[in-house]
Amino acid sequence: MQSGQSQQSAGGGVPPEAEGRSRVGAALAAAARGAGDPRRVPVALCTACVRLLPVTGASVSLSGGRGIRVTWCASDRVAARLAELQYTVGEGPCQTALDEGAPVFAADLAGRRDTCRWPIFAHEAVGLGAAAVFSLPLGVTGTAIGTLDLYRDRPGGLSEPDLRTALRVQDAMTDALTNLRPRGEEGETASWVCASQADHTDVQQAVGMVMVQLDLDPEQALDRIRARAFAEGRTVSQAARRVLARGLRLQ
């Protein structure tokens, strides 16, 4: 930090950290306001994250209970497919960040360290065009309600200033999930949160059907759906909807 900045903070100016948090919060709030249609708020927030950081794309996944997640928003098709891929194969930085409640950084998905840690995810992610993924848990008091997942199309970690910004974005996105409401709907659950619950419900209902059909416990039933989805090149949500429509019967 330069001496001029230190003197400004000591003399009553805005501390750099507070200024950084304010800048990130203002950027996300402006993105939400500018979305217009409340249903477009999630994508607007993800796109704002990409503008704030040196990343190619971003997504947010919400946890709907043990083993069940849904993609809440994604800035682009690759970000969305990466989020669904981790859910489908049951591994990846997102899942690890949820399990550990701490940020997880995969700086080189083609490198030995990341391929050993997440062999299926790393291989498939590189095929999608992702070279690095950074996952940050979202939540308060140590409980992760989801993750912010960032990807880049080139390998390499985040610099110290970029990491600080990423952690500010993490905090701001947590606030967005827990506090933001579309105008005119104060006191009600935001419609863009309700929309994400539909996929949760589809998967949960499909798990219940498979449990009854095959006499399995919930985790085994979800594993069967995941395996079929991966084998057919589908997402878990897509496979769940096929189960509910009686178009897919697992064995």
# chains A, B, ... in the order shown; residues from 1 in each chain; ligands from 1
$ residues_around --residues "stretch 158-174 of chain A" --least-positions-apart "2" --cutoff "8 Å" --atoms "only C-alpha atoms" --output "MDAnalysis selection string"
chainID A and resid 20:21 24:25 28 49 52:54 136:140 148 156 176:178
$ write_last_selection --atoms "C-alpha atoms" --output "mmCIF file, in the first residue's frame"
data_model
loop_
_atom_site.group_PDB
_atom_site.id
_atom_site.type_symbol
_atom_site.label_atom_id
_atom_site.label_comp_id
_atom_site.auth_asym_id
_atom_site.auth_seq_id
_atom_site.Cartn_x
_atom_site.Cartn_y
_atom_site.Cartn_z
ATOM 1 C CA GLY A 20 -13.431 -2.182 -1.888
ATOM 2 C CA ARG A 21 -16.475 -3.765 -0.254
ATOM 3 C CA VAL A 24 -18.388 -4.540 -5.048
ATOM 4 C CA GLY A 25 -21.702 -4.121 -3.247
ATOM 5 C CA LEU A 28 -24.006 -5.990 -7.685
ATOM 6 C CA CYS A 49 -19.110 -10.917 -10.957
ATOM 7 C CA LEU A 52 -15.338 -7.442 -11.289
ATOM 8 C CA LEU A 53 -12.772 -10.234 -11.639
ATOM 9 C CA PRO A 54 -10.270 -11.537 -14.233
ATOM 10 C CA LEU A 136 -16.213 -19.969 -2.749
ATOM 11 C CA PRO A 137 -18.883 -21.099 -0.266
ATOM 12 C CA LEU A 138 -21.826 -18.768 0.307
ATOM 13 C CA GLY A 139 -23.456 -18.589 3.714
ATOM 14 C CA VAL A 140 -23.278 -17.276 7.243
ATOM 15 C CA LEU A 148 -19.927 -19.016 -6.127
ATOM 16 C CA GLY A 156 -3.256 -19.778 -13.189
ATOM 17 C CA ALA A 176 -27.861 -10.987 -2.291
ATOM 18 C CA LEU A 177 -29.127 -14.488 -1.600
ATOM 19 C CA THR A 178 -30.343 -13.695 1.898
#
$ residues_around --residues "stretch 105-118 of chain A" --least-positions-apart "5" --cutoff "12 Å" --atoms "only C-alpha atoms" --output "ChimeraX atom specification"
/A:55,85-86,89-97,123-137,148-159,163,166
$ atom_distance --atom1 "atom CA of A:Leu98" --atom2 "atom CA of A:Ser63"
8.4 Å
$ select_by_dssp --residues "stretch 25-251 of chain A" --states "strand (DSSP E)" --output "short mmCIF file (atom, residue, chain, number, x, y, z; two decimals) with N, CA, C and O atoms, in the first residue's frame"
data_model
loop_
_atom_site.label_atom_id
_atom_site.label_comp_id
_atom_site.auth_asym_id
_atom_site.auth_seq_id
_atom_site.Cartn_x
_atom_site.Cartn_y
_atom_site.Cartn_z
N GLY A 57 -16.05 -16.71 -16.69
CA GLY A 57 -17.47 -16.90 -16.39
C GLY A 57 -17.69 -17.19 -14.92
O GLY A 57 -16.75 -17.45 -14.16
N ALA A 58 -18.96 -17.15 -14.52
CA ALA A 58 -19.32 -17.36 -13.12
C ALA A 58 -20.68 -18.03 -13.02
O ALA A 58 -21.53 -17.88 -13.90
N SER A 59 -20.87 -18.77 -11.94
CA SER A 59 -22.17 -19.37 -11.65
C SER A 59 -22.35 -19.42 -10.15
O SER A 59 -21.39 -19.33 -9.39
N VAL A 60 -23.60 -19.55 -9.73
CA VAL A 60 -23.92 -19.75 -8.32
C VAL A 60 -24.80 -20.99 -8.22
O VAL A 60 -25.79 -21.11 -8.94
N SER A 61 -24.40 -21.92 -7.37
CA SER A 61 -25.18 -23.13 -7.11
C SER A 61 -25.72 -23.07 -5.70
O SER A 61 -25.01 -22.66 -4.78
N LEU A 62 -26.97 -23.46 -5.52
CA LEU A 62 -27.59 -23.49 -4.20
C LEU A 62 -27.71 -24.93 -3.72
O LEU A 62 -28.01 -25.83 -4.51
N SER A 63 -27.50 -25.13 -2.45
CA SER A 63 -27.61 -26.46 -1.86
C SER A 63 -29.03 -26.68 -1.36
O SER A 63 -29.57 -25.86 -0.62
N ARG A 69 -28.32 -30.17 -5.33
CA ARG A 69 -27.99 -28.78 -5.64
C ARG A 69 -28.71 -28.36 -6.90
O ARG A 69 -29.19 -29.19 -7.68
N VAL A 70 -28.75 -27.05 -7.11
CA VAL A 70 -29.33 -26.52 -8.34
C VAL A 70 -28.52 -25.30 -8.75
O VAL A 70 -27.99 -24.58 -7.91
N THR A 71 -28.39 -25.10 -10.05
CA THR A 71 -27.70 -23.92 -10.55
C THR A 71 -28.67 -22.74 -10.48
O THR A 71 -29.71 -22.74 -11.13
N TRP A 72 -28.32 -21.75 -9.68
CA TRP A 72 -29.17 -20.58 -9.49
C TRP A 72 -28.98 -19.57 -10.62
O TRP A 72 -29.93 -18.98 -11.11
N CYS A 73 -27.73 -19.39 -11.03
CA CYS A 73 -27.47 -18.48 -12.14
C CYS A 73 -26.12 -18.82 -12.77
O CYS A 73 -25.27 -19.45 -12.13
N ALA A 74 -25.95 -18.42 -14.00
CA ALA A 74 -24.69 -18.62 -14.71
C ALA A 74 -24.54 -17.52 -15.74
O ALA A 74 -25.52 -17.10 -16.37
N VAL A 104 -12.05 -23.09 -2.41
CA VAL A 104 -11.25 -24.13 -3.05
C VAL A 104 -10.82 -23.61 -4.42
O VAL A 104 -11.66 -23.18 -5.21
N PHE A 105 -9.51 -23.68 -4.69
CA PHE A 105 -8.98 -23.14 -5.93
C PHE A 105 -8.30 -24.24 -6.74
O PHE A 105 -7.40 -24.91 -6.25
N ALA A 106 -8.75 -24.41 -7.97
CA ALA A 106 -8.13 -25.34 -8.90
C ALA A 106 -7.49 -24.50 -10.00
O ALA A 106 -8.16 -24.09 -10.95
N ALA A 132 -9.16 -23.36 -15.28
CA ALA A 132 -9.05 -23.12 -13.84
C ALA A 132 -10.44 -22.83 -13.28
O ALA A 132 -11.27 -22.21 -13.96
N VAL A 133 -10.69 -23.28 -12.05
CA VAL A 133 -11.98 -23.04 -11.39
C VAL A 133 -11.71 -22.64 -9.95
O VAL A 133 -10.86 -23.23 -9.27
N PHE A 134 -12.44 -21.64 -9.49
CA PHE A 134 -12.33 -21.16 -8.12
C PHE A 134 -13.72 -21.19 -7.49
O PHE A 134 -14.64 -20.54 -8.00
N SER A 135 -13.89 -21.93 -6.40
CA SER A 135 -15.19 -22.07 -5.75
C SER A 135 -15.15 -21.47 -4.35
O SER A 135 -14.27 -21.80 -3.56
N LEU A 136 -16.13 -20.62 -4.06
CA LEU A 136 -16.21 -19.97 -2.75
C LEU A 136 -17.57 -20.25 -2.13
O LEU A 136 -18.61 -20.00 -2.77
N PRO A 137 -17.60 -20.80 -0.90
CA PRO A 137 -18.88 -21.10 -0.27
C PRO A 137 -19.64 -19.83 0.08
O PRO A 137 -19.05 -18.81 0.45
N LEU A 138 -20.96 -19.89 -0.04
CA LEU A 138 -21.83 -18.77 0.31
C LEU A 138 -22.64 -19.16 1.53
O LEU A 138 -23.21 -20.26 1.57
N GLY A 139 -22.69 -18.29 2.52
CA GLY A 139 -23.46 -18.59 3.71
C GLY A 139 -22.97 -17.79 4.90
O GLY A 139 -22.03 -16.99 4.79
N VAL A 140 -23.62 -17.99 6.01
CA VAL A 140 -23.28 -17.28 7.24
C VAL A 140 -23.12 -18.28 8.37
O VAL A 140 -23.64 -19.40 8.30
N THR A 143 -22.30 -22.06 7.83
CA THR A 143 -23.21 -22.95 7.09
C THR A 143 -23.27 -22.51 5.64
O THR A 143 -23.71 -21.40 5.33
N ALA A 144 -22.83 -23.37 4.72
CA ALA A 144 -22.83 -23.03 3.30
C ALA A 144 -24.19 -23.33 2.70
O ALA A 144 -24.70 -24.44 2.81
N ILE A 145 -24.80 -22.32 2.08
CA ILE A 145 -26.09 -22.50 1.41
C ILE A 145 -25.90 -22.65 -0.09
O ILE A 145 -26.85 -22.88 -0.83
N GLY A 146 -24.66 -22.52 -0.53
CA GLY A 146 -24.35 -22.64 -1.94
C GLY A 146 -22.91 -22.24 -2.20
O GLY A 146 -22.13 -22.06 -1.26
N THR A 147 -22.56 -22.12 -3.47
CA THR A 147 -21.20 -21.72 -3.83
C THR A 147 -21.22 -20.74 -4.99
O THR A 147 -22.10 -20.79 -5.86
N LEU A 148 -20.23 -19.87 -4.99
CA LEU A 148 -19.93 -19.02 -6.13
C LEU A 148 -18.77 -19.68 -6.85
O LEU A 148 -17.71 -19.89 -6.27
N ASP A 149 -18.98 -20.04 -8.11
CA ASP A 149 -17.97 -20.76 -8.89
C ASP A 149 -17.51 -19.90 -10.06
O ASP A 149 -18.34 -19.47 -10.87
N LEU A 150 -16.21 -19.67 -10.12
CA LEU A 150 -15.61 -18.85 -11.16
C LEU A 150 -14.71 -19.73 -12.02
O LEU A 150 -14.02 -20.60 -11.50
N TYR A 151 -14.71 -19.51 -13.32
CA TYR A 151 -13.80 -20.28 -14.17
C TYR A 151 -13.06 -19.37 -15.12
O TYR A 151 -13.52 -18.27 -15.45
N ARG A 152 -11.88 -19.84 -15.53
CA ARG A 152 -11.07 -19.13 -16.53
C ARG A 152 -10.70 -20.10 -17.64
O ARG A 152 -10.55 -21.30 -17.41
#
$ residues_around --residues "A:Gln220" --least-positions-apart "2" --cutoff "12 Å" --atoms "only C-alpha atoms" --output "PyMOL selection string"
chain A and resi 67+207-208+210-212+214-218+222-227+250-251
$ atom_distance --atom1 "atom CA of A:Arg241" --atom2 "atom CA of A:Val41"
24.8 Å
$ select_by_dssp --residues "stretch 132-186 of chain A" --states "alpha helix (DSSP H)" --output "list in words"
Glu160, Pro161, Asp162, Leu163, Arg164, Thr165, Ala166, Leu167, Arg168, Val169, Gln170, Asp171, Ala172, Met173, Thr174, Asp175, Ala176, Leu177, Thr178 and Asn179 of chain A
$ write_last_selection --atoms "N, CA and C atoms" --output "CSV table (one decimal), in the first residue's frame"
chain,number,residue,atom,x,y,z
A,160,GLU,N,-3.1,-11.7,-5.3
A,160,GLU,CA,-3.6,-11.3,-4.0
A,160,GLU,C,-4.7,-10.2,-4.1
A,161,PRO,N,-4.6,-9.2,-4.9
A,161,PRO,CA,-5.7,-8.2,-5.0
A,161,PRO,C,-6.9,-8.8,-5.6
A,162,ASP,N,-6.8,-9.7,-6.6
A,162,ASP,CA,-8.0,-10.3,-7.1
A,162,ASP,C,-8.6,-11.3,-6.1
A,163,LEU,N,-7.8,-11.9,-5.3
A,163,LEU,CA,-8.4,-12.8,-4.3
A,163,LEU,C,-9.2,-12.0,-3.3
A,164,ARG,N,-8.7,-10.8,-2.9
A,164,ARG,CA,-9.4,-9.9,-2.0
A,164,ARG,C,-10.8,-9.5,-2.6
A,165,THR,N,-10.7,-9.2,-3.9
A,165,THR,CA,-12.0,-8.8,-4.6
A,165,THR,C,-12.9,-10.0,-4.6
A,166,ALA,N,-12.4,-11.2,-4.9
A,166,ALA,CA,-13.2,-12.4,-4.9
A,166,ALA,C,-13.9,-12.7,-3.6
A,167,LEU,N,-13.2,-12.4,-2.5
A,167,LEU,CA,-13.8,-12.6,-1.2
A,167,LEU,C,-14.9,-11.6,-0.9
A,168,ARG,N,-14.7,-10.4,-1.4
A,168,ARG,CA,-15.7,-9.4,-1.3
A,168,ARG,C,-16.9,-9.7,-2.1
A,169,VAL,N,-16.7,-10.2,-3.3
A,169,VAL,CA,-17.9,-10.7,-4.1
A,169,VAL,C,-18.6,-11.8,-3.4
A,170,GLN,N,-17.8,-12.7,-2.8
A,170,GLN,CA,-18.4,-13.9,-2.0
A,170,GLN,C,-19.4,-13.3,-0.9
A,171,ASP,N,-18.9,-12.3,-0.2
A,171,ASP,CA,-19.8,-11.7,0.9
A,171,ASP,C,-21.0,-11.0,0.3
A,172,ALA,N,-20.8,-10.3,-0.8
A,172,ALA,CA,-21.9,-9.6,-1.4
A,172,ALA,C,-22.9,-10.5,-2.0
A,173,MET,N,-22.5,-11.6,-2.6
A,173,MET,CA,-23.4,-12.6,-3.2
A,173,MET,C,-24.2,-13.3,-2.1
A,174,THR,N,-23.6,-13.5,-0.9
A,174,THR,CA,-24.3,-14.1,0.2
A,174,THR,C,-25.4,-13.2,0.7
A,175,ASP,N,-25.0,-11.9,0.7
A,175,ASP,CA,-26.1,-10.9,1.1
A,175,ASP,C,-27.2,-10.9,0.0
A,176,ALA,N,-26.8,-11.0,-1.2
A,176,ALA,CA,-27.9,-11.0,-2.3
A,176,ALA,C,-28.8,-12.2,-2.1
A,177,LEU,N,-28.3,-13.3,-1.8
A,177,LEU,CA,-29.1,-14.5,-1.6
A,177,LEU,C,-30.1,-14.4,-0.4
A,178,THR,N,-29.6,-13.7,0.7
A,178,THR,CA,-30.3,-13.7,1.9
A,178,THR,C,-31.2,-12.4,2.1
A,179,ASN,N,-30.9,-11.4,1.3
A,179,ASN,CA,-31.5,-10.1,1.6
A,179,ASN,C,-32.3,-9.4,0.4
$ decode --residues "stretch 79-103 of chain A" --atoms "N, CA and C atoms" --output "compact mmCIF listing (two decimals), in the first residue's frame"
# COMPACT_ATOMS: atom_id res chain seq x y z
N ALA A 79 -20.21 -21.88 -18.03
CA ALA A 79 -20.34 -21.79 -16.57
C ALA A 79 -21.49 -22.66 -16.08
N ALA A 80 -22.61 -22.64 -16.80
CA ALA A 80 -23.76 -23.46 -16.42
C ALA A 80 -23.43 -24.94 -16.52
N ARG A 81 -22.74 -25.34 -17.59
CA ARG A 81 -22.41 -26.75 -17.77
C ARG A 81 -21.40 -27.23 -16.73
N LEU A 82 -20.48 -26.36 -16.33
CA LEU A 82 -19.52 -26.73 -15.28
C LEU A 82 -20.23 -26.97 -13.95
N ALA A 83 -21.20 -26.11 -13.64
CA ALA A 83 -21.95 -26.27 -12.39
C ALA A 83 -22.72 -27.58 -12.40
N GLU A 84 -23.42 -27.86 -13.50
CA GLU A 84 -24.19 -29.10 -13.60
C GLU A 84 -23.27 -30.32 -13.63
N LEU A 85 -22.10 -30.18 -14.25
CA LEU A 85 -21.15 -31.29 -14.32
C LEU A 85 -20.73 -31.73 -12.93
N GLN A 86 -20.42 -30.78 -12.06
CA GLN A 86 -19.99 -31.13 -10.71
C GLN A 86 -21.10 -31.84 -9.94
N TYR A 87 -22.33 -31.39 -10.15
CA TYR A 87 -23.47 -32.02 -9.50
C TYR A 87 -23.68 -33.43 -10.05
N THR A 88 -23.51 -33.58 -11.35
CA THR A 88 -23.76 -34.87 -11.99
C THR A 88 -22.73 -35.92 -11.59
N VAL A 89 -21.44 -35.55 -11.59
CA VAL A 89 -20.40 -36.54 -11.27
C VAL A 89 -20.12 -36.63 -9.78
N GLY A 90 -20.66 -35.69 -9.00
CA GLY A 90 -20.50 -35.75 -7.55
C GLY A 90 -19.12 -35.38 -7.04
N GLU A 91 -18.36 -34.62 -7.84
CA GLU A 91 -17.04 -34.18 -7.39
C GLU A 91 -16.69 -32.87 -8.08
N GLY A 92 -15.68 -32.20 -7.54
CA GLY A 92 -15.22 -30.94 -8.11
C GLY A 92 -15.03 -29.89 -7.03
N PRO A 93 -14.45 -28.75 -7.37
CA PRO A 93 -14.21 -27.69 -6.38
C PRO A 93 -15.47 -27.24 -5.67
N CYS A 94 -16.59 -27.17 -6.40
CA CYS A 94 -17.85 -26.74 -5.79
C CYS A 94 -18.26 -27.68 -4.66
N GLN A 95 -18.23 -28.98 -4.91
CA GLN A 95 -18.61 -29.94 -3.89
C GLN A 95 -17.65 -29.91 -2.71
N THR A 96 -16.36 -29.75 -3.00
CA THR A 96 -15.37 -29.68 -1.93
C THR A 96 -15.56 -28.43 -1.08
N ALA A 97 -15.86 -27.30 -1.74
CA ALA A 97 -16.10 -26.06 -1.00
C ALA A 97 -17.32 -26.18 -0.10
N LEU A 98 -18.37 -26.86 -0.58
CA LEU A 98 -19.55 -27.09 0.25
C LEU A 98 -19.21 -27.97 1.44
N ASP A 99 -18.47 -29.04 1.19
CA ASP A 99 -18.13 -29.99 2.25
C ASP A 99 -17.23 -29.37 3.31
N GLU A 100 -16.27 -28.56 2.86
CA GLU A 100 -15.27 -28.01 3.78
C GLU A 100 -15.66 -26.64 4.32
N GLY A 101 -16.61 -25.97 3.67
CA GLY A 101 -17.00 -24.64 4.10
C GLY A 101 -15.89 -23.62 3.94
N ALA A 102 -15.03 -23.82 2.94
CA ALA A 102 -13.89 -22.93 2.71
C ALA A 102 -13.64 -22.81 1.21
N PRO A 103 -13.01 -21.71 0.76
CA PRO A 103 -12.71 -21.55 -0.66
C PRO A 103 -11.81 -22.68 -1.18
